[in-house]
Protein chains: 2
Amino acid sequence: MKRILTLSAALLLALSAYAQQALFSGAQVESPVINADGTVTFRYRAPKAVRVTLSGDFLPPQQREVEMNGRKMTVEAAAVAELREGQNGVWEYTTPFAVAPEMYTYTFSVDGLQTIDPNNVFVNRDIASLTSVLLVPKTGERSDLYAIHRVPHGTVSKVWYPSATAGFDRRLTVYTPAGYEENPKAKYPVLYVLHGIGGDEDAWVTQGRATQILDNLIARGQAKPMIVVFTNGNISQEAAPLENSTGYVRPTMSLPQTMEGTFETAFPEVVRFIDSHYRTVAKKQSRAICGLSMGGFHTLYITLNNPDLFNYSGMFSAAIGTGSEQTAAHKEVYENVDGKLAAYFSRKPALLWIGIGSTDFLYQSNADFRKKLDAAGYPYEYMETDGGHIWRNWRIYLSEFIPKLFK
Amino acid sequence: MKRILTLSAALLLALSAYAQQALFSGAQVESPVINADGTVTFRYRAPKAVRVTLSGDFLPPQQREVEMNGRKMTVEAAAVAELREGQNGVWEYTTPFAVAPEMYTYTFSVDGLQTIDPNNVFVNRDIASLTSVLLVPKTGERSDLYAIHRVPHGTVSKVWYPSATAGFDRRLTVYTPAGYEENPKAKYPVLYVLHGIGGDEDAWVTQGRATQILDNLIARGQAKPMIVVFTNGNISQEAAPLENSTGYVRPTMSLPQTMEGTFETAFPEVVRFIDSHYRTVAKKQSRAICGLSMGGFHTLYITLNNPDLFNYSGMFSAAIGTGSEQTAAHKEVYENVDGKLAAYFSRKPALLWIGIGSTDFLYQSNADFRKKLDAAGYPYEYMETDGGHIWRNWRIYLSEFIPKLFK
């Protein structure tokens, strides 16, 4: 082994010319570390720093009041923990509590400057922000669905479809379940999963752990094998930032044509592409759609405007009732909701599912929508969880929604 | 639009609780910026810092002497540029030269602590290091191959195959060219592409820009449409770090069973999987293999031990002649090279291609290998480029190698 190690050492030297970060700098410390008692230790080496803090969603959230369109809302503000400086300039913080099994994100602040954890290569992008990821899986807990296990894995593909509406090719993420290739005559139901504002076709896979959830639920027999399609809801965009021909452009929330009807109107072209390129059961009975926030808004209106397309619809913290409907370019998509609801429910869809967090700033507009459904006697399933407009809830909703499909 | 922006603002507030980095902090500055004259400006906001420097492979490299197994070698050491503090604590550096079109990586050092550019979400992982990416594409230059253009895009899939050798499922990245789905009777040649030590099935796609190179070369008519398979050469590993069931483990170079014969011996099982799951031309004439560094070493020995499998083989900065062959678990893979070379060349393969940088620490061992080929009169093609053991060269070699295949 001696000579192999010598080669490794030489390669390290050679590679270190350009990739000279955690492996080589004195800054390498172990972080994060899940301790035996369930607490988690975070470390950051910064000998010259005056103050190092940590912000993450495993810390007890603080509430903050904000106003939107004259309506008061409560949002969750980031909690902050102080690290203490120890030996060799290594700052440290250990949670005073066992961290519940979940997937979390966190960042450090070093003298006021945000930074990811340089000793943790598990990083997610959320719009223009990078955050470090901490996954605490535990057998028997929901977070175990988010971990990768030695179960049959589906195939995850980045696929481009020609969008006649957009006038260019656009990217999808497509999950085909384990066994798809080995069973060339089998046909599968399809679930379409939509992201929120500022997201893209990668968001549910990276932040949502959707492909892990699918692999694990299917392996447990808790979900039917299905094809799952993650669309990009920004119709003016070919693909996720850095995956499209615009080159380096800082990701932003304010993309054109996101909530004004074009995406909803164009959605059937995605369904046609999938039905013509995959072995689908191309029927309403075998088609589902769901989405978070803006994607929940999209889900509602795609469903209502195409009452024969989807048998299962899931609205996760849906961004409805915010006023965007009234100023949309394609107002017809959002008009006559009562009539469209009547037409939709007259066809007896298998499931309309609504989930929201009790402190979500969209709680009231979703409560108003449920009141409308209740008044008309329209059936739906409802789940209310702790917390606000956060990925933790969307992973929960997805893992609750999927087992209900195609039974 | 007013109300839509109001919704965005509310979402920003809500999301900012946990994803509160570049979008929200005062640290947001524009970096990097490619200026009209071709120079590039880098910025970093750090009001309290004493010294901020920048290290990247667009700076003129410095040479450093190192020794391996008693042999002196020159490796390229990182060049460093000083940023100057300007207004509002924003440090800045503009290159004194137009940066040549290429793809580069860089990091900042803030008072000795390495960090990525917080204003650039284009980040690559190399083993355990994250680096910021700067892509300078230019029409007519090679780097234009690395950019995404509005050309037909192939599909990029993460696929798991059952490895009898490893005893578990392992992950591949598979590229199928544009048109693969639309031409259900077409069969395609296959290129296998292997990574270096510390890499995985993602490396060629992220750092190597291989799928962009393929899309662009095929769209230009400079390469045949082909299936391309990126393997994981660490046979003891299911998949890339964080994509396998070991959970959070810091990526490392020193994985077991990387250069001792097991991967090479097991390689035909990958070929069988691909031939049985994709519409391939399952013949030697339509099969190619190439790899960088350790992957070049793997390429050589997979080729020599299976002389009827590949018609085209490419060794990019191959890690041969380092001594690992003599201590391998499966010595037979590396023994009788002269006899295996004779058997291989007697079958008149279409192409053995060798590329290396003039300052690569493996230059001499590759020169020795070429001397052996020359002495025996075996034909091969050779390319020598500037620079050392770096991704810039491997992207060049791949984009030179691919057009030569399957003609």
# chains A, B, ... in the order shown; residues from 1 in each chain; ligands from 1
$ residues_around --residues "Arg250 in chain A" --least-positions-apart "6" --cutoff "9 Å" --atoms "only C-alpha atoms" --output "ChimeraX atom specification"
/A:127-128,241-242 /B:30,119-121
$ write_last_selection --atoms "C-alpha atoms" --output "short mmCIF file (atom, residue, chain, number, x, y, z; two decimals), in the first residue's frame"
data_model
loop_
_atom_site.label_atom_id
_atom_site.label_comp_id
_atom_site.auth_asym_id
_atom_site.auth_seq_id
_atom_site.Cartn_x
_atom_site.Cartn_y
_atom_site.Cartn_z
CA ILE A 127 -32.33 30.72 -5.22
CA ALA A 128 -29.04 32.66 -4.89
CA PRO A 241 -29.69 28.73 -13.26
CA LEU A 242 -26.30 27.73 -14.69
CA GLU B 30 -21.42 41.61 -8.00
CA ASN B 119 -21.90 35.98 -4.56
CA ASN B 120 -21.33 33.21 -7.07
CA VAL B 121 -23.64 30.20 -6.80
#
$ select_by_dssp --residues "range 156-359 of chain A" --states "alpha helix (DSSP H)" --output "PyMOL selection string"
chain A and resi 203-206+210-219+262-277+294-305+337-346
$ atom_distance --atom1 "CA of Tyr175 in chain B" --atom2 "CA of Phe267 in chain A"
26.3 Å
$ residues_around --residues "Gly56 in chain B" --least-positions-apart "3" --cutoff "6 Å" --atoms "only C-alpha atoms" --output "compact mmCIF listing (two decimals) with N, CA and C atoms, in the first residue's frame"
# COMPACT_ATOMS: atom_id res chain seq x y z
N LEU B 59 -4.82 32.73 -12.98
CA LEU B 59 -3.60 33.47 -12.66
C LEU B 59 -2.39 32.69 -13.17
N THR B 105 -11.54 27.72 -11.79
CA THR B 105 -12.04 27.67 -10.43
C THR B 105 -11.20 28.59 -9.56
N TYR B 106 -11.81 29.11 -8.50
CA TYR B 106 -11.09 30.05 -7.63
C TYR B 106 -11.69 30.02 -6.24
$ residues_around --residues "Ala329 in chain A" --least-positions-apart "5" --cutoff "8 Å" --atoms "only C-alpha atoms" --output "MDAnalysis selection string"
chainID A and resid 260:262
$ write_last_selection --atoms "C-alpha atoms" --output "compact mmCIF listing (two decimals), in the first residue's frame"
# COMPACT_ATOMS: atom_id res chain seq x y z
CA GLU A 260 -49.83 35.11 -14.73
CA GLY A 261 -51.32 32.13 -16.47
CA THR A 262 -48.81 31.21 -19.18
$ decode --residues "range 185-220 of chain B" --atoms "N, CA and C atoms" --output "short mmCIF file (atom, residue, chain, number, x, y, z; two decimals), in the first residue's frame"
data_model
loop_
_atom_site.label_atom_id
_atom_site.label_comp_id
_atom_site.auth_asym_id
_atom_site.auth_seq_id
_atom_site.Cartn_x
_atom_site.Cartn_y
_atom_site.Cartn_z
N LYS B 185 -35.73 2.88 -33.04
CA LYS B 185 -35.03 1.74 -33.65
C LYS B 185 -33.55 2.00 -33.86
N ALA B 186 -33.13 3.25 -33.64
CA ALA B 186 -31.71 3.58 -33.84
C ALA B 186 -30.86 2.93 -32.76
N LYS B 187 -29.67 2.47 -33.15
CA LYS B 187 -28.70 1.95 -32.19
C LYS B 187 -27.48 2.85 -32.18
N TYR B 188 -26.84 2.95 -31.04
CA TYR B 188 -25.78 3.94 -30.86
C TYR B 188 -24.49 3.31 -30.36
N PRO B 189 -23.35 3.87 -30.77
CA PRO B 189 -22.07 3.45 -30.18
C PRO B 189 -21.97 3.98 -28.74
N VAL B 190 -21.05 3.42 -27.98
CA VAL B 190 -20.93 3.78 -26.57
C VAL B 190 -19.49 4.15 -26.22
N LEU B 191 -19.38 5.29 -25.54
CA LEU B 191 -18.10 5.72 -24.97
C LEU B 191 -18.19 5.64 -23.44
N TYR B 192 -17.20 4.97 -22.83
CA TYR B 192 -17.10 4.91 -21.37
C TYR B 192 -16.04 5.91 -20.91
N VAL B 193 -16.38 6.74 -19.93
CA VAL B 193 -15.48 7.81 -19.49
C VAL B 193 -15.21 7.65 -17.99
N LEU B 194 -13.92 7.59 -17.63
CA LEU B 194 -13.51 7.25 -16.27
C LEU B 194 -12.84 8.44 -15.59
N HIS B 195 -13.11 8.60 -14.31
CA HIS B 195 -12.60 9.74 -13.54
C HIS B 195 -11.27 9.41 -12.87
N GLY B 196 -10.70 10.40 -12.18
CA GLY B 196 -9.45 10.24 -11.46
C GLY B 196 -9.64 9.90 -9.99
N ILE B 197 -8.54 9.73 -9.28
CA ILE B 197 -8.60 9.37 -7.86
C ILE B 197 -9.31 10.49 -7.10
N GLY B 198 -10.19 10.09 -6.19
CA GLY B 198 -10.97 11.07 -5.45
C GLY B 198 -12.22 11.51 -6.18
N GLY B 199 -12.38 11.10 -7.43
CA GLY B 199 -13.56 11.48 -8.20
C GLY B 199 -14.68 10.46 -8.08
N ASP B 200 -15.68 10.62 -8.89
CA ASP B 200 -16.83 9.72 -8.88
C ASP B 200 -17.60 9.90 -10.18
N GLU B 201 -18.78 9.33 -10.26
CA GLU B 201 -19.57 9.36 -11.50
C GLU B 201 -20.09 10.75 -11.84
N ASP B 202 -19.94 11.70 -10.93
CA ASP B 202 -20.36 13.08 -11.19
C ASP B 202 -19.23 13.95 -11.75
N ALA B 203 -17.99 13.57 -11.53
CA ALA B 203 -16.86 14.47 -11.75
C ALA B 203 -16.77 14.98 -13.19
N TRP B 204 -16.90 14.10 -14.15
CA TRP B 204 -16.77 14.53 -15.55
C TRP B 204 -17.91 15.46 -15.97
N VAL B 205 -19.07 15.30 -15.31
CA VAL B 205 -20.21 16.13 -15.67
C VAL B 205 -20.08 17.52 -15.05
N THR B 206 -19.63 17.59 -13.80
CA THR B 206 -19.53 18.90 -13.14
C THR B 206 -18.24 19.61 -13.53
N GLN B 207 -17.11 18.99 -13.27
CA GLN B 207 -15.83 19.65 -13.53
C GLN B 207 -15.40 19.50 -14.99
N GLY B 208 -15.83 18.41 -15.62
CA GLY B 208 -15.39 18.13 -16.98
C GLY B 208 -16.27 18.73 -18.06
N ARG B 209 -17.45 19.23 -17.71
CA ARG B 209 -18.39 19.80 -18.69
C ARG B 209 -18.64 18.83 -19.85
N ALA B 210 -18.59 17.54 -19.55
CA ALA B 210 -18.65 16.53 -20.61
C ALA B 210 -19.97 16.56 -21.37
N THR B 211 -21.08 16.78 -20.67
CA THR B 211 -22.36 16.74 -21.39
C THR B 211 -22.53 17.97 -22.28
N GLN B 212 -21.97 19.10 -21.86
CA GLN B 212 -21.99 20.28 -22.74
C GLN B 212 -21.11 20.02 -23.97
N ILE B 213 -19.93 19.46 -23.74
CA ILE B 213 -19.03 19.16 -24.86
C ILE B 213 -19.73 18.23 -25.86
N LEU B 214 -20.41 17.21 -25.34
CA LEU B 214 -21.11 16.26 -26.21
C LEU B 214 -22.24 16.93 -26.98
N ASP B 215 -23.11 17.65 -26.26
CA ASP B 215 -24.21 18.35 -26.94
C ASP B 215 -23.67 19.22 -28.08
N ASN B 216 -22.63 19.98 -27.79
CA ASN B 216 -22.14 20.96 -28.76
C ASN B 216 -21.41 20.30 -29.94
N LEU B 217 -20.58 19.31 -29.65
CA LEU B 217 -19.88 18.62 -30.74
C LEU B 217 -20.86 17.89 -31.65
N ILE B 218 -21.86 17.25 -31.06
CA ILE B 218 -22.85 16.53 -31.88
C ILE B 218 -23.68 17.53 -32.70
N ALA B 219 -24.07 18.64 -32.07
CA ALA B 219 -24.87 19.64 -32.80
C ALA B 219 -24.10 20.23 -33.97
N ARG B 220 -22.79 20.38 -33.81
CA ARG B 220 -21.96 20.92 -34.89
C ARG B 220 -21.65 19.88 -35.98
#
